[in-house]
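Have a look at final22.txt; it's compact mmCIF, N, CA, C and O atoms:
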# COMPACT_ATOMS: atom_id res chain seq x y z
N MET A 1 89.97 204.87 115.74
CA MET A 1 89.64 205.42 117.03
C MET A 1 88.97 204.33 117.85
O MET A 1 88.08 203.64 117.37
N HIS A 2 89.40 204.17 119.07
CA HIS A 2 88.80 203.17 119.94
C HIS A 2 87.49 203.71 120.53
O HIS A 2 87.24 204.90 120.54
N GLN A 3 86.67 202.81 121.01
CA GLN A 3 85.39 203.20 121.61
C GLN A 3 85.36 202.76 123.07
O GLN A 3 84.36 202.23 123.55
N GLY A 4 86.46 203.00 123.79
CA GLY A 4 86.49 202.71 125.20
C GLY A 4 86.88 201.30 125.57
O GLY A 4 86.77 200.91 126.71
N MET A 5 87.37 200.51 124.61
CA MET A 5 87.75 199.14 124.93
C MET A 5 89.19 198.91 124.50
O MET A 5 89.58 199.23 123.39
N PHE A 6 89.97 198.36 125.41
CA PHE A 6 91.34 198.00 125.12
C PHE A 6 91.54 196.55 125.56
O PHE A 6 90.89 196.09 126.49
N PHE A 7 92.42 195.86 124.91
CA PHE A 7 92.81 194.56 125.41
C PHE A 7 94.29 194.39 125.12
O PHE A 7 94.83 194.99 124.21
N GLY A 8 94.95 193.60 125.93
CA GLY A 8 96.38 193.39 125.77
C GLY A 8 96.69 191.96 125.42
O GLY A 8 95.96 191.04 125.79
N LEU A 9 97.77 191.78 124.72
CA LEU A 9 98.26 190.45 124.37
C LEU A 9 99.61 190.26 125.03
O LEU A 9 100.40 191.19 125.10
N ARG A 10 99.85 189.09 125.51
CA ARG A 10 101.13 188.79 126.12
C ARG A 10 101.54 187.39 125.71
O ARG A 10 100.70 186.55 125.39
N PRO A 11 102.84 187.13 125.72
CA PRO A 11 103.29 185.78 125.37
C PRO A 11 102.77 184.76 126.38
O PRO A 11 102.70 185.03 127.58
N ALA A 12 102.38 183.62 125.89
CA ALA A 12 101.94 182.53 126.77
C ALA A 12 103.16 181.85 127.34
O ALA A 12 104.19 181.73 126.68
N THR A 13 103.06 181.40 128.57
CA THR A 13 104.15 180.65 129.18
C THR A 13 103.66 179.24 129.45
O THR A 13 102.48 178.99 129.64
N GLY A 14 104.57 178.32 129.45
CA GLY A 14 104.20 176.94 129.72
C GLY A 14 103.71 176.22 128.48
O GLY A 14 103.68 176.78 127.39
N PRO A 15 103.27 174.99 128.65
CA PRO A 15 102.89 174.16 127.51
C PRO A 15 101.46 174.39 127.00
O PRO A 15 101.06 173.82 126.01
N ASP A 16 100.67 175.23 127.68
CA ASP A 16 99.27 175.42 127.29
C ASP A 16 99.17 176.12 125.94
O ASP A 16 99.88 177.08 125.67
N ARG A 17 98.27 175.63 125.08
CA ARG A 17 98.01 176.24 123.79
C ARG A 17 96.51 176.30 123.58
O ARG A 17 95.74 175.60 124.24
N PHE A 18 96.11 177.12 122.66
CA PHE A 18 94.69 177.25 122.32
C PHE A 18 94.14 175.90 121.88
O PHE A 18 94.78 175.16 121.14
N ASP A 19 92.94 175.58 122.32
CA ASP A 19 92.26 174.36 121.94
C ASP A 19 90.83 174.73 121.54
O ASP A 19 90.05 175.16 122.39
N PRO A 20 90.46 174.58 120.27
CA PRO A 20 89.13 174.99 119.83
C PRO A 20 88.00 174.17 120.45
O PRO A 20 86.84 174.56 120.39
N LEU A 21 88.33 173.04 121.07
CA LEU A 21 87.31 172.20 121.68
C LEU A 21 87.15 172.45 123.18
O LEU A 21 86.30 171.85 123.81
N ARG A 22 87.95 173.32 123.74
CA ARG A 22 87.87 173.63 125.16
C ARG A 22 86.95 174.84 125.35
O ARG A 22 86.93 175.75 124.54
N VAL A 23 86.21 174.86 126.44
CA VAL A 23 85.34 175.98 126.75
C VAL A 23 86.18 177.23 126.92
O VAL A 23 87.24 177.20 127.53
N GLY A 24 85.71 178.33 126.35
CA GLY A 24 86.42 179.60 126.46
C GLY A 24 86.37 180.35 125.15
O GLY A 24 85.36 180.36 124.45
N LEU A 25 87.48 180.94 124.80
CA LEU A 25 87.58 181.77 123.59
C LEU A 25 87.21 180.96 122.35
O LEU A 25 87.73 179.87 122.13
N ASP A 26 86.30 181.51 121.55
CA ASP A 26 85.94 180.88 120.28
C ASP A 26 86.69 181.57 119.14
O ASP A 26 87.31 180.92 118.32
N HIS A 27 86.60 182.89 119.08
CA HIS A 27 87.31 183.64 118.06
C HIS A 27 87.36 185.11 118.46
O HIS A 27 86.64 185.54 119.35
N LEU A 28 88.21 185.85 117.77
CA LEU A 28 88.28 187.29 117.94
C LEU A 28 87.87 187.94 116.63
O LEU A 28 88.25 187.47 115.55
N SER A 29 87.12 189.00 116.73
CA SER A 29 86.65 189.71 115.55
C SER A 29 87.05 191.17 115.67
O SER A 29 86.88 191.79 116.72
N PHE A 30 87.59 191.69 114.58
CA PHE A 30 88.01 193.09 114.52
C PHE A 30 87.28 193.76 113.37
O PHE A 30 87.20 193.21 112.26
N SER A 31 86.75 194.94 113.61
CA SER A 31 86.06 195.65 112.54
C SER A 31 87.02 196.58 111.82
O SER A 31 87.94 197.15 112.44
N VAL A 32 86.83 196.70 110.53
CA VAL A 32 87.58 197.64 109.70
C VAL A 32 86.56 198.56 109.03
O VAL A 32 85.38 198.22 108.93
N PRO A 33 86.99 199.73 108.60
CA PRO A 33 86.03 200.72 108.10
C PRO A 33 85.26 200.34 106.83
O PRO A 33 84.10 200.73 106.68
N ALA A 34 85.90 199.60 105.91
CA ALA A 34 85.25 199.39 104.60
C ALA A 34 85.64 198.05 103.99
O ALA A 34 86.66 197.45 104.35
N ARG A 35 84.83 197.61 103.05
CA ARG A 35 85.08 196.36 102.31
C ARG A 35 86.46 196.39 101.65
O ARG A 35 87.15 195.36 101.58
N ALA A 36 86.90 197.55 101.20
CA ALA A 36 88.22 197.66 100.57
C ALA A 36 89.32 197.22 101.53
O ALA A 36 90.34 196.67 101.10
N ASP A 37 89.11 197.42 102.83
CA ASP A 37 90.10 196.98 103.82
C ASP A 37 90.15 195.46 103.89
O ASP A 37 91.21 194.88 104.11
N LEU A 38 89.01 194.80 103.71
CA LEU A 38 89.00 193.34 103.67
C LEU A 38 89.74 192.84 102.43
O LEU A 38 90.50 191.86 102.50
N ASP A 39 89.53 193.51 101.30
CA ASP A 39 90.23 193.13 100.07
C ASP A 39 91.74 193.28 100.25
O ASP A 39 92.51 192.41 99.83
N ALA A 40 92.17 194.37 100.90
CA ALA A 40 93.60 194.59 101.14
C ALA A 40 94.15 193.53 102.09
O ALA A 40 95.26 193.01 101.90
N ALA A 41 93.39 193.18 103.13
CA ALA A 41 93.82 192.15 104.07
C ALA A 41 93.94 190.80 103.37
O ALA A 41 94.90 190.05 103.62
N LEU A 42 93.01 190.48 102.49
CA LEU A 42 93.05 189.23 101.75
C LEU A 42 94.33 189.15 100.91
O LEU A 42 95.01 188.13 100.90
N ARG A 43 94.67 190.24 100.24
CA ARG A 43 95.90 190.26 99.44
C ARG A 43 97.13 190.07 100.34
O ARG A 43 98.05 189.31 100.00
N LEU A 44 97.14 190.72 101.48
CA LEU A 44 98.27 190.59 102.41
C LEU A 44 98.40 189.17 102.95
O LEU A 44 99.50 188.61 103.02
N LEU A 45 97.27 188.56 103.30
CA LEU A 45 97.31 187.17 103.76
C LEU A 45 97.84 186.26 102.66
O LEU A 45 98.64 185.35 102.94
N ASP A 46 97.40 186.49 101.42
CA ASP A 46 97.91 185.69 100.29
C ASP A 46 99.42 185.87 100.14
O ASP A 46 100.15 184.90 99.96
N GLU A 47 99.89 187.12 100.21
CA GLU A 47 101.32 187.39 100.06
C GLU A 47 102.14 186.69 101.14
O GLU A 47 103.27 186.27 100.89
N ARG A 48 101.57 186.56 102.33
CA ARG A 48 102.29 185.96 103.46
C ARG A 48 102.03 184.45 103.58
O ARG A 48 102.52 183.80 104.50
N GLY A 49 101.24 183.89 102.67
CA GLY A 49 100.98 182.46 102.69
C GLY A 49 100.07 182.00 103.83
O GLY A 49 100.15 180.85 104.25
N VAL A 50 99.20 182.89 104.30
CA VAL A 50 98.28 182.55 105.39
C VAL A 50 96.97 182.03 104.79
O VAL A 50 96.36 182.70 103.95
N GLU A 51 96.58 180.83 105.19
CA GLU A 51 95.31 180.28 104.71
C GLU A 51 94.15 181.11 105.26
O GLU A 51 94.20 181.57 106.40
N HIS A 52 93.12 181.25 104.45
CA HIS A 52 91.96 182.05 104.85
C HIS A 52 90.75 181.63 104.05
O HIS A 52 90.86 180.95 103.03
N GLY A 53 89.60 182.05 104.51
CA GLY A 53 88.37 181.83 103.77
C GLY A 53 88.18 182.96 102.76
O GLY A 53 89.01 183.86 102.65
N SER A 54 87.11 182.90 102.04
CA SER A 54 86.79 183.98 101.13
C SER A 54 86.04 185.07 101.90
O SER A 54 85.58 184.84 103.02
N ILE A 55 85.94 186.23 101.32
CA ILE A 55 85.15 187.29 101.93
C ILE A 55 83.68 186.94 101.72
O ILE A 55 83.26 186.69 100.59
N ARG A 56 82.96 186.86 102.82
CA ARG A 56 81.55 186.45 102.77
C ARG A 56 80.66 187.58 103.27
O ARG A 56 81.07 188.35 104.14
N GLU A 57 79.47 187.66 102.72
CA GLU A 57 78.50 188.68 103.13
C GLU A 57 77.41 188.07 104.00
O GLU A 57 76.93 186.98 103.73
N LEU A 58 77.08 188.77 105.06
CA LEU A 58 75.94 188.42 105.91
C LEU A 58 74.95 189.58 105.81
O LEU A 58 74.91 190.47 106.67
N ALA A 59 74.18 189.56 104.73
CA ALA A 59 73.27 190.68 104.45
C ALA A 59 72.33 191.00 105.60
O ALA A 59 72.12 192.18 105.91
N PRO A 60 71.75 190.00 106.29
CA PRO A 60 70.85 190.35 107.40
C PRO A 60 71.52 191.15 108.51
O PRO A 60 70.88 191.91 109.22
N LEU A 61 72.85 190.97 108.65
CA LEU A 61 73.59 191.70 109.68
C LEU A 61 74.24 192.97 109.12
O LEU A 61 74.82 193.75 109.87
N GLY A 62 74.19 193.14 107.80
CA GLY A 62 74.77 194.32 107.18
C GLY A 62 76.28 194.35 107.19
O GLY A 62 76.88 195.42 107.19
N LEU A 63 76.90 193.15 107.17
CA LEU A 63 78.36 193.14 107.18
C LEU A 63 78.90 192.02 106.31
O LEU A 63 78.20 191.10 105.91
N CYS A 64 80.18 192.15 106.02
CA CYS A 64 80.92 191.09 105.34
C CYS A 64 82.14 190.77 106.21
O CYS A 64 82.54 191.59 107.04
N PHE A 65 82.69 189.57 106.03
CA PHE A 65 83.81 189.19 106.89
C PHE A 65 84.81 188.32 106.16
O PHE A 65 84.51 187.68 105.15
N LEU A 66 86.01 188.32 106.71
CA LEU A 66 87.12 187.50 106.23
C LEU A 66 87.66 186.74 107.43
O LEU A 66 88.05 187.35 108.43
N ALA A 67 87.66 185.42 107.36
CA ALA A 67 88.09 184.58 108.49
C ALA A 67 89.44 183.92 108.18
O ALA A 67 89.71 183.53 107.04
N PHE A 68 90.25 183.79 109.23
CA PHE A 68 91.55 183.11 109.12
C PHE A 68 91.98 182.72 110.53
O PHE A 68 91.28 182.97 111.50
N PHE A 69 93.14 182.05 110.65
CA PHE A 69 93.65 181.59 111.94
C PHE A 69 95.02 182.19 112.20
O PHE A 69 95.81 182.35 111.28
N ASP A 70 95.29 182.48 113.48
CA ASP A 70 96.63 182.95 113.84
C ASP A 70 97.54 181.73 113.99
O ASP A 70 97.08 180.58 113.88
N PRO A 71 98.84 181.93 114.22
CA PRO A 71 99.76 180.79 114.31
C PRO A 71 99.44 179.79 115.42
O PRO A 71 99.84 178.64 115.35
N ASP A 72 98.69 180.23 116.45
CA ASP A 72 98.31 179.32 117.52
C ASP A 72 97.00 178.60 117.24
O ASP A 72 96.51 177.84 118.06
N GLY A 73 96.40 178.86 116.09
CA GLY A 73 95.15 178.22 115.73
C GLY A 73 93.91 178.94 116.24
O GLY A 73 92.81 178.41 116.18
N ILE A 74 94.07 180.17 116.73
CA ILE A 74 92.93 180.95 117.19
C ILE A 74 92.23 181.55 115.98
O ILE A 74 92.86 182.16 115.11
N ALA A 75 90.92 181.36 115.90
CA ALA A 75 90.15 181.89 114.79
C ALA A 75 90.02 183.40 114.92
O ALA A 75 89.69 183.93 115.97
N LEU A 76 90.33 184.08 113.83
CA LEU A 76 90.23 185.55 113.75
C LEU A 76 89.33 185.90 112.60
O LEU A 76 89.24 185.16 111.61
N GLU A 77 88.69 187.05 112.70
CA GLU A 77 87.93 187.54 111.55
C GLU A 77 88.00 189.05 111.51
O GLU A 77 88.13 189.72 112.54
N LEU A 78 87.94 189.56 110.32
CA LEU A 78 87.83 190.99 110.08
C LEU A 78 86.43 191.21 109.51
O LEU A 78 86.00 190.47 108.63
N THR A 79 85.73 192.23 110.00
CA THR A 79 84.41 192.54 109.49
C THR A 79 84.35 193.97 108.99
O THR A 79 85.09 194.83 109.47
N ALA A 80 83.49 194.20 108.02
CA ALA A 80 83.27 195.54 107.47
C ALA A 80 81.81 195.67 107.10
O ALA A 80 81.14 194.68 106.79
N PRO A 81 81.29 196.88 107.11
CA PRO A 81 79.91 197.09 106.66
C PRO A 81 79.79 196.76 105.17
O PRO A 81 80.74 196.94 104.41
N ILE A 82 78.61 196.29 104.79
CA ILE A 82 78.36 196.00 103.36
C ILE A 82 78.20 197.33 102.64
O ILE A 82 77.56 198.23 103.11
Conversion result in structure tokens:
Amino acid sequence: MHQGMFFGLRPATGPDRFDPLRVGLDHLSFSVPARADLDAALRLLDERGVEHGSIRELAPLGLCFLAFFDPDGIALELTAPI
């Protein structure tokens, strides 16, 4: 269920590509309901040959996360409550 926020994705046109050193977007983070969802995502990324980090816990924030990159090099993460 969304909480009042939507965003759209569209194909990029022209030669411009994501650059992690340029001012602007750093990463996108998506929350999932439970740690089990991170485990399932990790297995799916492995099956598809997508490089990723390990699932890490940030106890002070009460969450754990899984980081990876999309094909354009944009950093993505999935987060779940601990």
query: What are the DSSP strand (DSSP E) residues of chain A, as a list of chain:residue names?
result: A:His27, A:Leu28, A:Ser29, A:Phe30, A:Ser31, A:Arg56, A:Glu57, A:Leu58, A:Leu63, A:Cys64, A:Phe65, A:Leu66, A:Ala67, A:Phe68, A:Phe69, A:Ala75, A:Leu76, A:Glu77, A:Leu78, A:Thr79, A:Ala80, A:Pro81
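Among the candidates A:Arg48, A:Asp72, A:Ala34, A:Pro60, the one nearest to Asp16 of chain A when counting only C-alpha atoms is A:Asp72.
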Enclose all atoms of segment 17-27 of chain A listed in the file in an axis-aligned box, grow every side by 3 Å, and hand back centre and edge lengths in Å to one decimal, as lines of an AutoDock Vina configuration file.
center_x = 91.8
center_y = 178.7
center_z = 122.8
size_x = 18.9
size_y = 19.7
size_z = 15.5
message: Using all atoms listed in the file for the distances, tell me which of A:Cys64, A:Ile55, A:Leu25, A:Leu38 is nearest to Ala80 of chain A.
response: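 Checking each of A:Cys64, A:Ile55, A:Leu25, A:Leu38 against Ala80 of chain A, counting all atoms listed in the file, the winner is A:Cys64.
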query: Excluding same-chain residues fewer than 5 positions from Gly73 of chain A, what lies within 10 Å of it counting only C-alpha atoms, as a ChimeraX atom specification?
result: /A:17-20,27,68
Atomic distance atom C of Glu51 of chain A - atom C of Val32 of chain A, expressed in Å with one decimal: 19.4 Å
query: Quick one, how far is atom N of Leu66 of chain A from atom N of Phe30 of chain A?
result: 8.7 Å
task: State, in Å with one decimal place, the distance from atom N of Ile74 of chain A to atom C of Thr13 of chain A.
output: 16.0 Å
task: Using all atoms listed in the file, determine which residues lie at most 8 Å from Arg56 of chain A, disregarding the query and same-chain residues fewer than 3 positions distant; provide the list as a ChimeraX atom specification.
output: /A:53,59,63-67,78-80
Expected file: the selected residues, N, CA, C and O atoms, as a compact mmCIF listing (two decimals), in the frame of the given file:
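After the write, result20.txt holds the following:
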# COMPACT_ATOMS: atom_id res chain seq x y z
N GLY A 53 89.60 182.05 104.51
CA GLY A 53 88.37 181.83 103.77
C GLY A 53 88.18 182.96 102.76
O GLY A 53 89.01 183.86 102.65
N ALA A 59 74.18 189.56 104.73
CA ALA A 59 73.27 190.68 104.45
C ALA A 59 72.33 191.00 105.60
O ALA A 59 72.12 192.18 105.91
N LEU A 63 76.90 193.15 107.17
CA LEU A 63 78.36 193.14 107.18
C LEU A 63 78.90 192.02 106.31
O LEU A 63 78.20 191.10 105.91
N CYS A 64 80.18 192.15 106.02
CA CYS A 64 80.92 191.09 105.34
C CYS A 64 82.14 190.77 106.21
O CYS A 64 82.54 191.59 107.04
N PHE A 65 82.69 189.57 106.03
CA PHE A 65 83.81 189.19 106.89
C PHE A 65 84.81 188.32 106.16
O PHE A 65 84.51 187.68 105.15
N LEU A 66 86.01 188.32 106.71
CA LEU A 66 87.12 187.50 106.23
C LEU A 66 87.66 186.74 107.43
O LEU A 66 88.05 187.35 108.43
N ALA A 67 87.66 185.42 107.36
CA ALA A 67 88.09 184.58 108.49
C ALA A 67 89.44 183.92 108.18
O ALA A 67 89.71 183.53 107.04
N LEU A 78 87.94 189.56 110.32
CA LEU A 78 87.83 190.99 110.08
C LEU A 78 86.43 191.21 109.51
O LEU A 78 86.00 190.47 108.63
N THR A 79 85.73 192.23 110.00
CA THR A 79 84.41 192.54 109.49
C THR A 79 84.35 193.97 108.99
O THR A 79 85.09 194.83 109.47
N ALA A 80 83.49 194.20 108.02
CA ALA A 80 83.27 195.54 107.47
C ALA A 80 81.81 195.67 107.10
O ALA A 80 81.14 194.68 106.79
- line: Using all atoms listed in the file, the shortest atom-to-atom distance to Ala75 of chain A among A:Leu28, A:Leu45, A:Val50, A:Ala36 belongs to A:Leu28
query: Per DSSP on the backbone, what are the alpha helix (DSSP H) residues of chain A, as number ranges by chain?
result: A: 35-47
